[in-house]
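Text of protein-v9.tsv (TSV, N, CA and C atoms) as supplied:
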```
chain	number	residue	atom	x	y	z
E	388	MET	N	22.02	-3.90	-62.37
E	388	MET	CA	21.30	-2.67	-62.69
E	388	MET	C	21.89	-1.55	-61.82
E	389	SER	N	22.19	-0.44	-62.44
E	389	SER	CA	22.72	0.69	-61.69
E	389	SER	C	21.59	1.54	-61.15
E	390	GLY	N	21.80	2.09	-59.97
E	390	GLY	CA	20.78	2.92	-59.35
E	390	GLY	C	21.43	4.07	-58.59
E	391	LEU	N	20.60	4.93	-58.05
E	391	LEU	CA	21.07	6.10	-57.34
E	391	LEU	C	20.35	6.22	-56.00
E	392	ALA	N	21.13	6.24	-54.93
E	392	ALA	CA	20.61	6.45	-53.58
E	392	ALA	C	20.96	7.88	-53.18
E	393	ILE	N	19.94	8.65	-52.84
E	393	ILE	CA	20.15	10.07	-52.50
E	393	ILE	C	19.79	10.30	-51.04
E	394	MET	N	20.76	10.76	-50.27
E	394	MET	CA	20.52	11.13	-48.87
E	394	MET	C	20.38	12.64	-48.80
E	395	VAL	N	19.28	13.10	-48.23
E	395	VAL	CA	19.02	14.53	-48.08
E	395	VAL	C	19.08	14.83	-46.59
E	396	TRP	N	20.11	15.56	-46.16
E	396	TRP	CA	20.24	15.82	-44.73
E	396	TRP	C	20.47	17.29	-44.38
E	397	SER	N	20.94	18.10	-45.31
E	397	SER	CA	21.34	19.47	-44.96
E	397	SER	C	20.34	20.54	-45.38
E	398	CYS	N	19.20	20.14	-45.88
E	398	CYS	CA	18.22	21.09	-46.43
E	398	CYS	C	17.12	21.34	-45.40
E	399	ASP	N	17.33	22.29	-44.51
E	399	ASP	CA	16.30	22.52	-43.50
E	399	ASP	C	15.25	23.51	-44.02
E	400	LEU	N	14.20	23.68	-43.24
E	400	LEU	CA	13.07	24.52	-43.66
E	400	LEU	C	13.42	25.98	-43.84
E	401	THR	N	14.53	26.42	-43.26
E	401	THR	CA	14.92	27.83	-43.40
E	401	THR	C	15.61	28.11	-44.74
E	402	ARG	N	15.96	27.06	-45.48
E	402	ARG	CA	16.65	27.22	-46.76
E	402	ARG	C	15.91	26.47	-47.86
E	403	PRO	N	14.72	26.92	-48.24
E	403	PRO	CA	13.90	26.19	-49.21
E	403	PRO	C	14.52	26.10	-50.60
E	404	GLU	N	15.49	26.94	-50.89
E	404	GLU	CA	16.13	26.87	-52.20
E	404	GLU	C	17.00	25.61	-52.34
E	405	LEU	N	17.44	25.05	-51.22
E	405	LEU	CA	18.33	23.90	-51.28
E	405	LEU	C	17.63	22.58	-51.58
E	406	VAL	N	16.40	22.42	-51.19
E	406	VAL	CA	15.75	21.11	-51.30
E	406	VAL	C	15.29	20.79	-52.72
E	407	ALA	N	15.18	21.76	-53.59
E	407	ALA	CA	14.76	21.48	-54.96
E	407	ALA	C	15.79	20.66	-55.72
E	408	THR	N	17.07	20.88	-55.47
E	408	THR	CA	18.11	20.19	-56.22
E	408	THR	C	18.07	18.68	-56.02
E	409	PRO	N	17.94	18.15	-54.80
E	409	PRO	CA	17.83	16.69	-54.68
E	409	PRO	C	16.62	16.13	-55.41
E	410	PHE	N	15.49	16.83	-55.37
E	410	PHE	CA	14.32	16.37	-56.11
E	410	PHE	C	14.59	16.33	-57.61
E	411	MET	N	15.17	17.40	-58.14
E	411	MET	CA	15.45	17.46	-59.58
E	411	MET	C	16.48	16.43	-60.00
E	412	THR	N	17.47	16.19	-59.15
E	412	THR	CA	18.48	15.17	-59.44
E	412	THR	C	17.84	13.79	-59.50
E	413	ALA	N	16.98	13.50	-58.53
E	413	ALA	CA	16.27	12.22	-58.51
E	413	ALA	C	15.41	12.05	-59.76
E	414	GLN	N	14.71	13.10	-60.13
E	414	GLN	CA	13.83	13.04	-61.31
E	414	GLN	C	14.65	12.84	-62.59
E	415	ALA	N	15.80	13.49	-62.69
E	415	ALA	CA	16.65	13.34	-63.87
E	415	ALA	C	17.17	11.90	-63.97
E	416	ALA	N	17.59	11.33	-62.85
E	416	ALA	CA	18.08	9.95	-62.86
E	416	ALA	C	16.96	8.99	-63.25
E	417	ALA	N	15.77	9.21	-62.73
E	417	ALA	CA	14.63	8.35	-63.09
E	417	ALA	C	14.29	8.48	-64.57
E	418	ALA	N	14.41	9.68	-65.11
E	418	ALA	CA	14.15	9.89	-66.54
E	418	ALA	C	15.17	9.14	-67.40
E	419	LEU	N	16.33	8.84	-66.82
E	419	LEU	CA	17.35	8.05	-67.51
E	419	LEU	C	17.21	6.56	-67.19
E	420	ASP	N	16.04	6.19	-66.68
E	420	ASP	CA	15.70	4.80	-66.36
E	420	ASP	C	16.54	4.18	-65.25
E	421	MET	N	17.02	5.01	-64.35
E	421	MET	CA	17.74	4.49	-63.18
E	421	MET	C	16.77	4.33	-62.02
E	422	PRO	N	16.87	3.24	-61.27
E	422	PRO	CA	16.10	3.17	-60.04
E	422	PRO	C	16.67	4.19	-59.05
E	423	VAL	N	15.80	4.86	-58.32
E	423	VAL	CA	16.24	5.91	-57.40
E	423	VAL	C	15.52	5.73	-56.06
E	424	LYS	N	16.29	5.94	-55.01
E	424	LYS	CA	15.74	5.92	-53.66
E	424	LYS	C	16.25	7.16	-52.94
E	425	MET	N	15.35	7.84	-52.22
E	425	MET	CA	15.72	9.03	-51.45
E	425	MET	C	15.45	8.78	-49.97
E	426	LEU	N	16.39	9.19	-49.12
E	426	LEU	CA	16.20	9.13	-47.67
E	426	LEU	C	16.41	10.54	-47.12
E	427	PHE	N	15.39	11.06	-46.46
E	427	PHE	CA	15.47	12.36	-45.81
E	427	PHE	C	15.81	12.13	-44.35
E	428	THR	N	16.88	12.76	-43.89
E	428	THR	CA	17.33	12.59	-42.52
E	428	THR	C	17.69	13.94	-41.91
E	429	ASN	N	18.13	13.90	-40.66
E	429	ASN	CA	18.48	15.11	-39.92
E	429	ASN	C	17.32	16.12	-40.04
E	430	GLN	N	17.61	17.40	-40.16
E	430	GLN	CA	16.54	18.40	-40.22
E	430	GLN	C	15.76	18.35	-41.52
E	431	SER	N	16.28	17.70	-42.55
E	431	SER	CA	15.60	17.63	-43.85
E	431	SER	C	14.33	16.79	-43.80
E	432	VAL	N	14.21	15.93	-42.82
E	432	VAL	CA	13.02	15.08	-42.71
E	432	VAL	C	11.76	15.94	-42.55
E	433	ALA	N	11.91	17.15	-42.06
E	433	ALA	CA	10.75	18.04	-41.88
E	433	ALA	C	10.04	18.33	-43.20
E	434	TRP	N	10.77	18.27	-44.33
E	434	TRP	CA	10.15	18.50	-45.63
E	434	TRP	C	9.12	17.43	-45.97
E	435	LEU	N	9.21	16.27	-45.35
E	435	LEU	CA	8.29	15.17	-45.64
E	435	LEU	C	7.04	15.18	-44.77
E	436	LEU	N	6.94	16.10	-43.85
E	436	LEU	CA	5.76	16.16	-43.00
E	436	LEU	C	4.57	16.73	-43.77
E	437	SER	N	3.43	16.13	-43.61
E	437	SER	CA	2.21	16.61	-44.30
E	437	SER	C	1.99	18.09	-44.06
E	438	GLU	N	2.27	18.55	-42.86
E	438	GLU	CA	2.03	19.95	-42.51
E	438	GLU	C	2.87	20.94	-43.33
E	439	ASN	N	3.90	20.46	-44.01
E	439	ASN	CA	4.76	21.34	-44.79
E	439	ASN	C	4.55	21.21	-46.30
E	440	GLY	N	3.53	20.50	-46.72
E	440	GLY	CA	3.28	20.26	-48.14
E	440	GLY	C	3.03	21.51	-48.96
E	441	ALA	N	2.49	22.56	-48.35
E	441	ALA	CA	2.19	23.78	-49.09
E	441	ALA	C	3.37	24.75	-49.15
E	442	ARG	N	4.44	24.45	-48.45
E	442	ARG	CA	5.63	25.33	-48.48
E	442	ARG	C	6.23	25.33	-49.88
E	443	LEU	N	6.76	26.48	-50.27
E	443	LEU	CA	7.44	26.59	-51.56
E	443	LEU	C	8.89	26.15	-51.41
E	444	ALA	N	9.35	25.39	-52.39
E	444	ALA	CA	10.73	24.91	-52.39
E	444	ALA	C	11.36	25.23	-53.73
E	445	GLY	N	12.59	25.64	-53.69
E	445	GLY	CA	13.30	25.98	-54.92
E	445	GLY	C	13.72	27.43	-54.91
E	446	PHE	N	13.89	27.97	-56.10
E	446	PHE	CA	14.39	29.34	-56.21
E	446	PHE	C	13.78	30.00	-57.43
E	447	GLY	N	13.80	31.31	-57.44
E	447	GLY	CA	13.26	32.05	-58.56
E	447	GLY	C	11.75	32.05	-58.61
E	448	ASP	N	11.22	32.39	-59.77
E	448	ASP	CA	9.77	32.50	-59.94
E	448	ASP	C	9.09	31.17	-60.19
E	449	ASP	N	9.86	30.12	-60.42
E	449	ASP	CA	9.29	28.82	-60.75
E	449	ASP	C	9.32	27.84	-59.57
E	450	ARG	N	9.21	28.36	-58.36
E	450	ARG	CA	9.20	27.48	-57.19
E	450	ARG	C	7.94	26.64	-57.18
E	451	TRP	N	8.07	25.42	-56.70
E	451	TRP	CA	6.94	24.50	-56.56
E	451	TRP	C	6.67	24.28	-55.09
E	452	THR	N	5.47	23.86	-54.78
E	452	THR	CA	5.21	23.43	-53.41
E	452	THR	C	5.92	22.10	-53.17
E	453	VAL	N	6.16	21.80	-51.92
E	453	VAL	CA	6.78	20.52	-51.58
E	453	VAL	C	5.90	19.38	-52.07
E	454	ALA	N	4.59	19.52	-51.91
E	454	ALA	CA	3.67	18.46	-52.36
E	454	ALA	C	3.83	18.21	-53.86
E	455	ARG	N	4.02	19.26	-54.64
E	455	ARG	CA	4.20	19.08	-56.09
E	455	ARG	C	5.52	18.38	-56.38
E	456	HIS	N	6.59	18.75	-55.67
E	456	HIS	CA	7.87	18.05	-55.83
E	456	HIS	C	7.71	16.57	-55.49
E	457	LEU	N	7.03	16.30	-54.39
E	457	LEU	CA	6.83	14.91	-53.98
E	457	LEU	C	6.01	14.14	-55.02
E	458	ASP	N	4.94	14.75	-55.51
E	458	ASP	CA	4.11	14.09	-56.52
E	458	ASP	C	4.92	13.78	-57.78
E	459	ALA	N	5.65	14.76	-58.28
E	459	ALA	CA	6.43	14.57	-59.50
E	459	ALA	C	7.49	13.48	-59.32
E	460	THR	N	8.07	13.44	-58.15
E	460	THR	CA	9.12	12.47	-57.86
E	460	THR	C	8.54	11.06	-57.77
E	461	VAL	N	7.47	10.90	-57.02
E	461	VAL	CA	6.85	9.59	-56.86
E	461	VAL	C	6.25	9.11	-58.19
E	462	ASP	N	5.71	10.03	-58.98
E	462	ASP	CA	5.14	9.65	-60.28
E	462	ASP	C	6.19	9.02	-61.21
E	463	LEU	N	7.46	9.30	-60.97
E	463	LEU	CA	8.54	8.72	-61.76
E	463	LEU	C	9.04	7.40	-61.17
E	464	GLY	N	8.37	6.92	-60.13
E	464	GLY	CA	8.74	5.64	-59.54
E	464	GLY	C	9.82	5.71	-58.48
E	465	ILE	N	10.10	6.90	-57.99
E	465	ILE	CA	11.16	7.08	-57.00
E	465	ILE	C	10.59	6.80	-55.61
E	466	GLU	N	11.35	6.03	-54.85
E	466	GLU	CA	10.96	5.72	-53.47
E	466	GLU	C	11.51	6.79	-52.54
E	467	ILE	N	10.64	7.37	-51.73
E	467	ILE	CA	11.03	8.41	-50.78
E	467	ILE	C	10.73	7.91	-49.38
E	468	ARG	N	11.73	7.96	-48.51
E	468	ARG	CA	11.57	7.51	-47.13
E	468	ARG	C	12.14	8.54	-46.16
E	469	ALA	N	11.65	8.46	-44.93
E	469	ALA	CA	12.13	9.32	-43.85
E	469	ALA	C	13.00	8.49	-42.92
E	470	CYS	N	14.05	9.07	-42.43
E	470	CYS	CA	14.90	8.41	-41.43
E	470	CYS	C	14.09	8.27	-40.14
E	471	SER	N	14.00	7.06	-39.65
E	471	SER	CA	13.19	6.81	-38.46
E	471	SER	C	13.71	7.59	-37.25
E	472	GLN	N	15.01	7.67	-37.09
E	472	GLN	CA	15.58	8.38	-35.95
E	472	GLN	C	15.35	9.89	-36.05
E	473	ALA	N	15.51	10.45	-37.24
E	473	ALA	CA	15.29	11.88	-37.43
E	473	ALA	C	13.83	12.25	-37.20
E	474	LEU	N	12.93	11.40	-37.66
E	474	LEU	CA	11.51	11.65	-37.46
E	474	LEU	C	11.17	11.63	-35.97
E	475	SER	N	11.72	10.67	-35.27
E	475	SER	CA	11.50	10.59	-33.83
E	475	SER	C	12.07	11.81	-33.10
E	476	ALA	N	13.23	12.29	-33.56
E	476	ALA	CA	13.85	13.47	-32.95
E	476	ALA	C	12.97	14.71	-33.07
E	477	LEU	N	12.15	14.75	-34.12
E	477	LEU	CA	11.20	15.86	-34.30
E	477	LEU	C	9.95	15.67	-33.44
E	478	GLY	N	9.84	14.54	-32.78
E	478	GLY	CA	8.65	14.25	-32.00
E	478	GLY	C	7.48	13.84	-32.87
E	479	LYS	N	7.76	13.33	-34.06
E	479	LYS	CA	6.72	12.94	-35.01
E	479	LYS	C	6.75	11.43	-35.20
E	480	ASN	N	5.70	10.92	-35.83
E	480	ASN	CA	5.64	9.49	-36.13
E	480	ASN	C	5.27	9.32	-37.60
E	481	PRO	N	5.33	8.10	-38.13
E	481	PRO	CA	5.06	7.91	-39.56
E	481	PRO	C	3.69	8.42	-40.03
E	482	ALA	N	2.72	8.50	-39.15
E	482	ALA	CA	1.40	9.02	-39.54
E	482	ALA	C	1.45	10.50	-39.92
E	483	SER	N	2.48	11.21	-39.51
E	483	SER	CA	2.60	12.64	-39.81
E	483	SER	C	3.27	12.90	-41.16
E	484	LEU	N	3.70	11.85	-41.84
E	484	LEU	CA	4.38	12.00	-43.13
E	484	LEU	C	3.39	12.26	-44.26
E	485	ALA	N	3.87	12.96	-45.28
E	485	ALA	CA	3.07	13.19	-46.48
E	485	ALA	C	2.72	11.84	-47.11
E	486	PRO	N	1.58	11.75	-47.77
E	486	PRO	CA	1.16	10.47	-48.34
E	486	PRO	C	2.10	9.94	-49.43
E	487	GLN	N	2.90	10.79	-50.03
E	487	GLN	CA	3.84	10.35	-51.06
E	487	GLN	C	5.04	9.60	-50.48
E	488	CYS	N	5.24	9.75	-49.19
E	488	CYS	CA	6.38	9.11	-48.52
E	488	CYS	C	6.07	7.63	-48.31
E	489	ALA	N	7.04	6.78	-48.64
E	489	ALA	CA	6.86	5.33	-48.53
E	489	ALA	C	7.08	4.81	-47.12
E	490	GLY	N	7.26	5.70	-46.16
E	490	GLY	CA	7.43	5.29	-44.77
E	490	GLY	C	8.81	5.63	-44.25
E	491	VAL	N	9.23	4.90	-43.23
E	491	VAL	CA	10.51	5.18	-42.58
E	491	VAL	C	11.51	4.08	-42.91
E	492	GLU	N	12.76	4.44	-42.71
E	492	GLU	CA	13.85	3.48	-42.94
E	492	GLU	C	15.02	3.88	-42.06
E	493	GLY	N	15.79	2.91	-41.65
E	493	GLY	CA	17.00	3.17	-40.88
E	493	GLY	C	18.19	3.37	-41.78
E	494	MET	N	19.24	3.91	-41.22
E	494	MET	CA	20.44	4.23	-41.99
E	494	MET	C	21.13	2.98	-42.53
E	495	VAL	N	21.13	1.89	-41.77
E	495	VAL	CA	21.81	0.68	-42.23
E	495	VAL	C	21.19	0.17	-43.53
E	496	ALA	N	19.88	0.11	-43.58
E	496	ALA	CA	19.19	-0.36	-44.79
E	496	ALA	C	19.48	0.55	-45.97
E	497	PHE	N	19.49	1.86	-45.73
E	497	PHE	CA	19.76	2.80	-46.81
E	497	PHE	C	21.18	2.65	-47.34
E	498	VAL	N	22.15	2.57	-46.45
E	498	VAL	CA	23.55	2.43	-46.87
E	498	VAL	C	23.76	1.10	-47.59
E	499	GLU	N	23.09	0.06	-47.12
E	499	GLU	CA	23.19	-1.23	-47.80
E	499	GLU	C	22.71	-1.12	-49.25
E	500	GLN	N	21.58	-0.47	-49.45
E	500	GLN	CA	21.07	-0.28	-50.82
E	500	GLN	C	22.03	0.56	-51.65
E	501	GLY	N	22.50	1.65	-51.08
E	501	GLY	CA	23.38	2.56	-51.81
E	501	GLY	C	24.74	1.98	-52.15
E	502	SER	N	25.14	0.93	-51.44
E	502	SER	CA	26.44	0.33	-51.71
E	502	SER	C	26.32	-0.98	-52.49
E	503	ALA	N	25.12	-1.32	-52.92
E	503	ALA	CA	24.91	-2.52	-53.73
E	503	ALA	C	25.64	-2.36	-55.06
E	504	PRO	N	26.04	-3.47	-55.66
E	504	PRO	CA	26.74	-3.38	-56.95
E	504	PRO	C	25.96	-2.55	-57.97
E	505	GLY	N	26.66	-1.60	-58.58
E	505	GLY	CA	26.06	-0.75	-59.60
E	505	GLY	C	25.36	0.49	-59.07
E	506	TRP	N	25.22	0.61	-57.76
E	506	TRP	CA	24.54	1.77	-57.18
E	506	TRP	C	25.56	2.83	-56.79
E	507	ARG	N	25.14	4.06	-56.85
E	507	ARG	CA	25.93	5.21	-56.41
E	507	ARG	C	25.14	5.95	-55.35
E	508	MET	N	25.85	6.68	-54.51
E	508	MET	CA	25.18	7.44	-53.46
E	508	MET	C	25.56	8.91	-53.60
E	509	LEU	N	24.55	9.77	-53.49
E	509	LEU	CA	24.75	11.22	-53.45
E	509	LEU	C	24.23	11.71	-52.11
E	510	VAL	N	24.88	12.73	-51.58
E	510	VAL	CA	24.45	13.32	-50.31
E	510	VAL	C	24.26	14.81	-50.52
E	511	PHE	N	23.09	15.29	-50.13
E	511	PHE	CA	22.78	16.73	-50.20
E	511	PHE	C	22.55	17.25	-48.80
```
Could the structure of this file be written out as structure tokens, please?
Amino acid sequence: MSGLAIMVWSCDLTRPELVATPFMTAQAAAALDMPVKMLFTNQSVAWLLSENGARLAGFGDDRWTVARHLDATVDLGIEIRACSQALSALGKNPASLAPQCAGVEGMVAFVEQGSAPGWRMLVF
């Protein structure tokens, strides 16, 4: 079975227009019946914090809140995780994550999944 592993690392809170594309890419792949897994790392992990759920993400007049992006993504069966090291670097713990987040994961486990036969990896 082919799948898509998406690493989101360059979309920080100062550039909300950038984070919509990984969400939309994940949703498009899921709509094509591909299993999808997302890992937010580096400064992008901040998008998964509950405290940022009301922030607008995207561009133009059709921006959604982060919570809405997360809901739409999870509703399609996409697994969303936070990098454990990046979360720790922010001084946060898994309890601070949005409820749509499936928890934390390390880089080795993510790369292993993304390199499994039939899987592709995208990095944003």
Identify, on the basis of only N, CA and C atoms, every residue whose closest approach to range 460-470 of chain E does not exceed 8 Å; exclude the query and any residue fewer than 6 positions from it along the same chain; express the result as a PDB file with N, CA and C atoms, in the coordinates of the input.
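File part-v5.pdb, as written:
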```pdb
ATOM      1  N   PHE E 410      15.490  16.830 -55.370  1.00  0.00           N
ATOM      2  CA  PHE E 410      14.320  16.370 -56.110  1.00  0.00           C
ATOM      3  C   PHE E 410      14.590  16.330 -57.610  1.00  0.00           C
ATOM      4  N   MET E 411      15.170  17.400 -58.140  1.00  0.00           N
ATOM      5  CA  MET E 411      15.450  17.460 -59.580  1.00  0.00           C
ATOM      6  C   MET E 411      16.480  16.430 -60.000  1.00  0.00           C
ATOM      7  N   ALA E 413      16.980  13.500 -58.530  1.00  0.00           N
ATOM      8  CA  ALA E 413      16.270  12.220 -58.510  1.00  0.00           C
ATOM      9  C   ALA E 413      15.410  12.050 -59.760  1.00  0.00           C
ATOM     10  N   GLN E 414      14.710  13.100 -60.130  1.00  0.00           N
ATOM     11  CA  GLN E 414      13.830  13.040 -61.310  1.00  0.00           C
ATOM     12  C   GLN E 414      14.650  12.840 -62.590  1.00  0.00           C
ATOM     13  N   ALA E 417      15.770   9.210 -62.730  1.00  0.00           N
ATOM     14  CA  ALA E 417      14.630   8.350 -63.090  1.00  0.00           C
ATOM     15  C   ALA E 417      14.290   8.480 -64.570  1.00  0.00           C
ATOM     16  N   ALA E 418      14.410   9.680 -65.110  1.00  0.00           N
ATOM     17  CA  ALA E 418      14.150   9.890 -66.540  1.00  0.00           C
ATOM     18  C   ALA E 418      15.170   9.140 -67.400  1.00  0.00           C
ATOM     19  N   MET E 421      17.020   5.010 -64.350  1.00  0.00           N
ATOM     20  CA  MET E 421      17.740   4.490 -63.180  1.00  0.00           C
ATOM     21  C   MET E 421      16.770   4.330 -62.020  1.00  0.00           C
ATOM     22  N   PRO E 422      16.870   3.240 -61.270  1.00  0.00           N
ATOM     23  CA  PRO E 422      16.100   3.170 -60.040  1.00  0.00           C
ATOM     24  C   PRO E 422      16.670   4.190 -59.050  1.00  0.00           C
ATOM     25  N   VAL E 423      15.800   4.860 -58.320  1.00  0.00           N
ATOM     26  CA  VAL E 423      16.240   5.910 -57.400  1.00  0.00           C
ATOM     27  C   VAL E 423      15.520   5.730 -56.060  1.00  0.00           C
ATOM     28  N   LYS E 424      16.290   5.940 -55.010  1.00  0.00           N
ATOM     29  CA  LYS E 424      15.740   5.920 -53.660  1.00  0.00           C
ATOM     30  C   LYS E 424      16.250   7.160 -52.940  1.00  0.00           C
ATOM     31  N   MET E 425      15.350   7.840 -52.220  1.00  0.00           N
ATOM     32  CA  MET E 425      15.720   9.030 -51.450  1.00  0.00           C
ATOM     33  C   MET E 425      15.450   8.780 -49.970  1.00  0.00           C
ATOM     34  N   LEU E 426      16.390   9.190 -49.120  1.00  0.00           N
ATOM     35  CA  LEU E 426      16.200   9.130 -47.670  1.00  0.00           C
ATOM     36  C   LEU E 426      16.410  10.540 -47.120  1.00  0.00           C
ATOM     37  N   PHE E 427      15.390  11.060 -46.460  1.00  0.00           N
ATOM     38  CA  PHE E 427      15.470  12.360 -45.810  1.00  0.00           C
ATOM     39  C   PHE E 427      15.810  12.130 -44.350  1.00  0.00           C
ATOM     40  N   THR E 428      16.880  12.760 -43.890  1.00  0.00           N
ATOM     41  CA  THR E 428      17.330  12.590 -42.520  1.00  0.00           C
ATOM     42  C   THR E 428      17.690  13.940 -41.910  1.00  0.00           C
ATOM     43  N   ASN E 429      18.130  13.900 -40.660  1.00  0.00           N
ATOM     44  CA  ASN E 429      18.480  15.110 -39.920  1.00  0.00           C
ATOM     45  C   ASN E 429      17.320  16.120 -40.040  1.00  0.00           C
ATOM     46  N   SER E 431      16.280  17.700 -42.550  1.00  0.00           N
ATOM     47  CA  SER E 431      15.600  17.630 -43.850  1.00  0.00           C
ATOM     48  C   SER E 431      14.330  16.790 -43.800  1.00  0.00           C
ATOM     49  N   VAL E 432      14.210  15.930 -42.820  1.00  0.00           N
ATOM     50  CA  VAL E 432      13.020  15.080 -42.710  1.00  0.00           C
ATOM     51  C   VAL E 432      11.760  15.940 -42.550  1.00  0.00           C
ATOM     52  N   LEU E 435       9.210  16.270 -45.350  1.00  0.00           N
ATOM     53  CA  LEU E 435       8.290  15.170 -45.640  1.00  0.00           C
ATOM     54  C   LEU E 435       7.040  15.180 -44.770  1.00  0.00           C
ATOM     55  N   ALA E 454       4.590  19.520 -51.910  1.00  0.00           N
ATOM     56  CA  ALA E 454       3.670  18.460 -52.360  1.00  0.00           C
ATOM     57  C   ALA E 454       3.830  18.210 -53.860  1.00  0.00           C
ATOM     58  N   ALA E 476      13.230  12.290 -33.560  1.00  0.00           N
ATOM     59  CA  ALA E 476      13.850  13.470 -32.950  1.00  0.00           C
ATOM     60  C   ALA E 476      12.970  14.710 -33.070  1.00  0.00           C
ATOM     61  N   GLN E 487       2.900  10.790 -50.030  1.00  0.00           N
ATOM     62  CA  GLN E 487       3.840  10.350 -51.060  1.00  0.00           C
ATOM     63  C   GLN E 487       5.040   9.600 -50.480  1.00  0.00           C
ATOM     64  N   CYS E 488       5.240   9.750 -49.190  1.00  0.00           N
ATOM     65  CA  CYS E 488       6.380   9.110 -48.520  1.00  0.00           C
ATOM     66  C   CYS E 488       6.070   7.630 -48.310  1.00  0.00           C
ATOM     67  N   ALA E 489       7.040   6.780 -48.640  1.00  0.00           N
ATOM     68  CA  ALA E 489       6.860   5.330 -48.530  1.00  0.00           C
ATOM     69  C   ALA E 489       7.080   4.810 -47.120  1.00  0.00           C
ATOM     70  N   GLY E 490       7.260   5.700 -46.160  1.00  0.00           N
ATOM     71  CA  GLY E 490       7.430   5.290 -44.770  1.00  0.00           C
ATOM     72  C   GLY E 490       8.810   5.630 -44.250  1.00  0.00           C
ATOM     73  N   VAL E 491       9.230   4.900 -43.230  1.00  0.00           N
ATOM     74  CA  VAL E 491      10.510   5.180 -42.580  1.00  0.00           C
ATOM     75  C   VAL E 491      11.510   4.080 -42.910  1.00  0.00           C
ATOM     76  N   GLU E 492      12.760   4.440 -42.710  1.00  0.00           N
ATOM     77  CA  GLU E 492      13.850   3.480 -42.940  1.00  0.00           C
ATOM     78  C   GLU E 492      15.020   3.880 -42.060  1.00  0.00           C
ATOM     79  N   GLY E 493      15.790   2.910 -41.650  1.00  0.00           N
ATOM     80  CA  GLY E 493      17.000   3.170 -40.880  1.00  0.00           C
ATOM     81  C   GLY E 493      18.190   3.370 -41.780  1.00  0.00           C
ATOM     82  N   MET E 494      19.240   3.910 -41.220  1.00  0.00           N
ATOM     83  CA  MET E 494      20.440   4.230 -41.990  1.00  0.00           C
ATOM     84  C   MET E 494      21.130   2.980 -42.530  1.00  0.00           C
TER      85      MET E 494
END
```
Original post:
For Glu404 in chain E, which residue among E:Asp458, E:Gly445, E:Leu509, E:Asp420 is the nearest when counting only N, CA and C atoms?
Top reply: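 With only N, CA and C atoms as the atom set, the closest residue is E:Gly445.
Pairwise distance (atom C of Ala473 in chain E, CA of Ala407 in chain E) equals 20.0 Å.
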Original post:
What is the CA of Gly501 in chain E to atom N of Leu391 in chain E distance in Å?
Top reply: 7.2 Å
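Relative to atom N of Leu457 in chain E, CA of Ser502 in chain E is found at 25.3 Å.
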**OP:** Find the residues near Val510 in chain E: any atom within 8 Å, counting only N, CA and C atoms, skip ones fewer than 5 places away on the same chain, and give them as a list in words.
**Re:**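 Selected residues are Ala392, Ile393, Met394, Val395, Trp396, Ser397 and Pro409 of chain E.
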**OP:** Select, from E:Thr408, E:Ser437, E:Asn480, E:Ser471, the residue with the minimum atom-to-atom distance to Ala496 in chain E, counting only C-alpha atoms.
**Re:** E:Ser471
Original post:
Which residue out of E:Ala433, E:Ala416, E:Ala503, E:Asn439 has the minimum interatomic distance to Ser475 in chain E when only C-alpha atoms are used?
Top reply: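 Going through E:Ala433, E:Ala416, E:Ala503, E:Asn439 one by one, the smallest distance to Ser475 in chain E is for E:Ala433.
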Original post:
Which residues in chain E does DSSP call alpha helix (DSSP H)? List them as a count of residues only.
Top reply: 40
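When only C-alpha atoms are used to compute distances to Gln430 in chain E, the closest of the residues E:Val495, E:Val406, E:Ala459, E:Ala485 turns out to be E:Val406.
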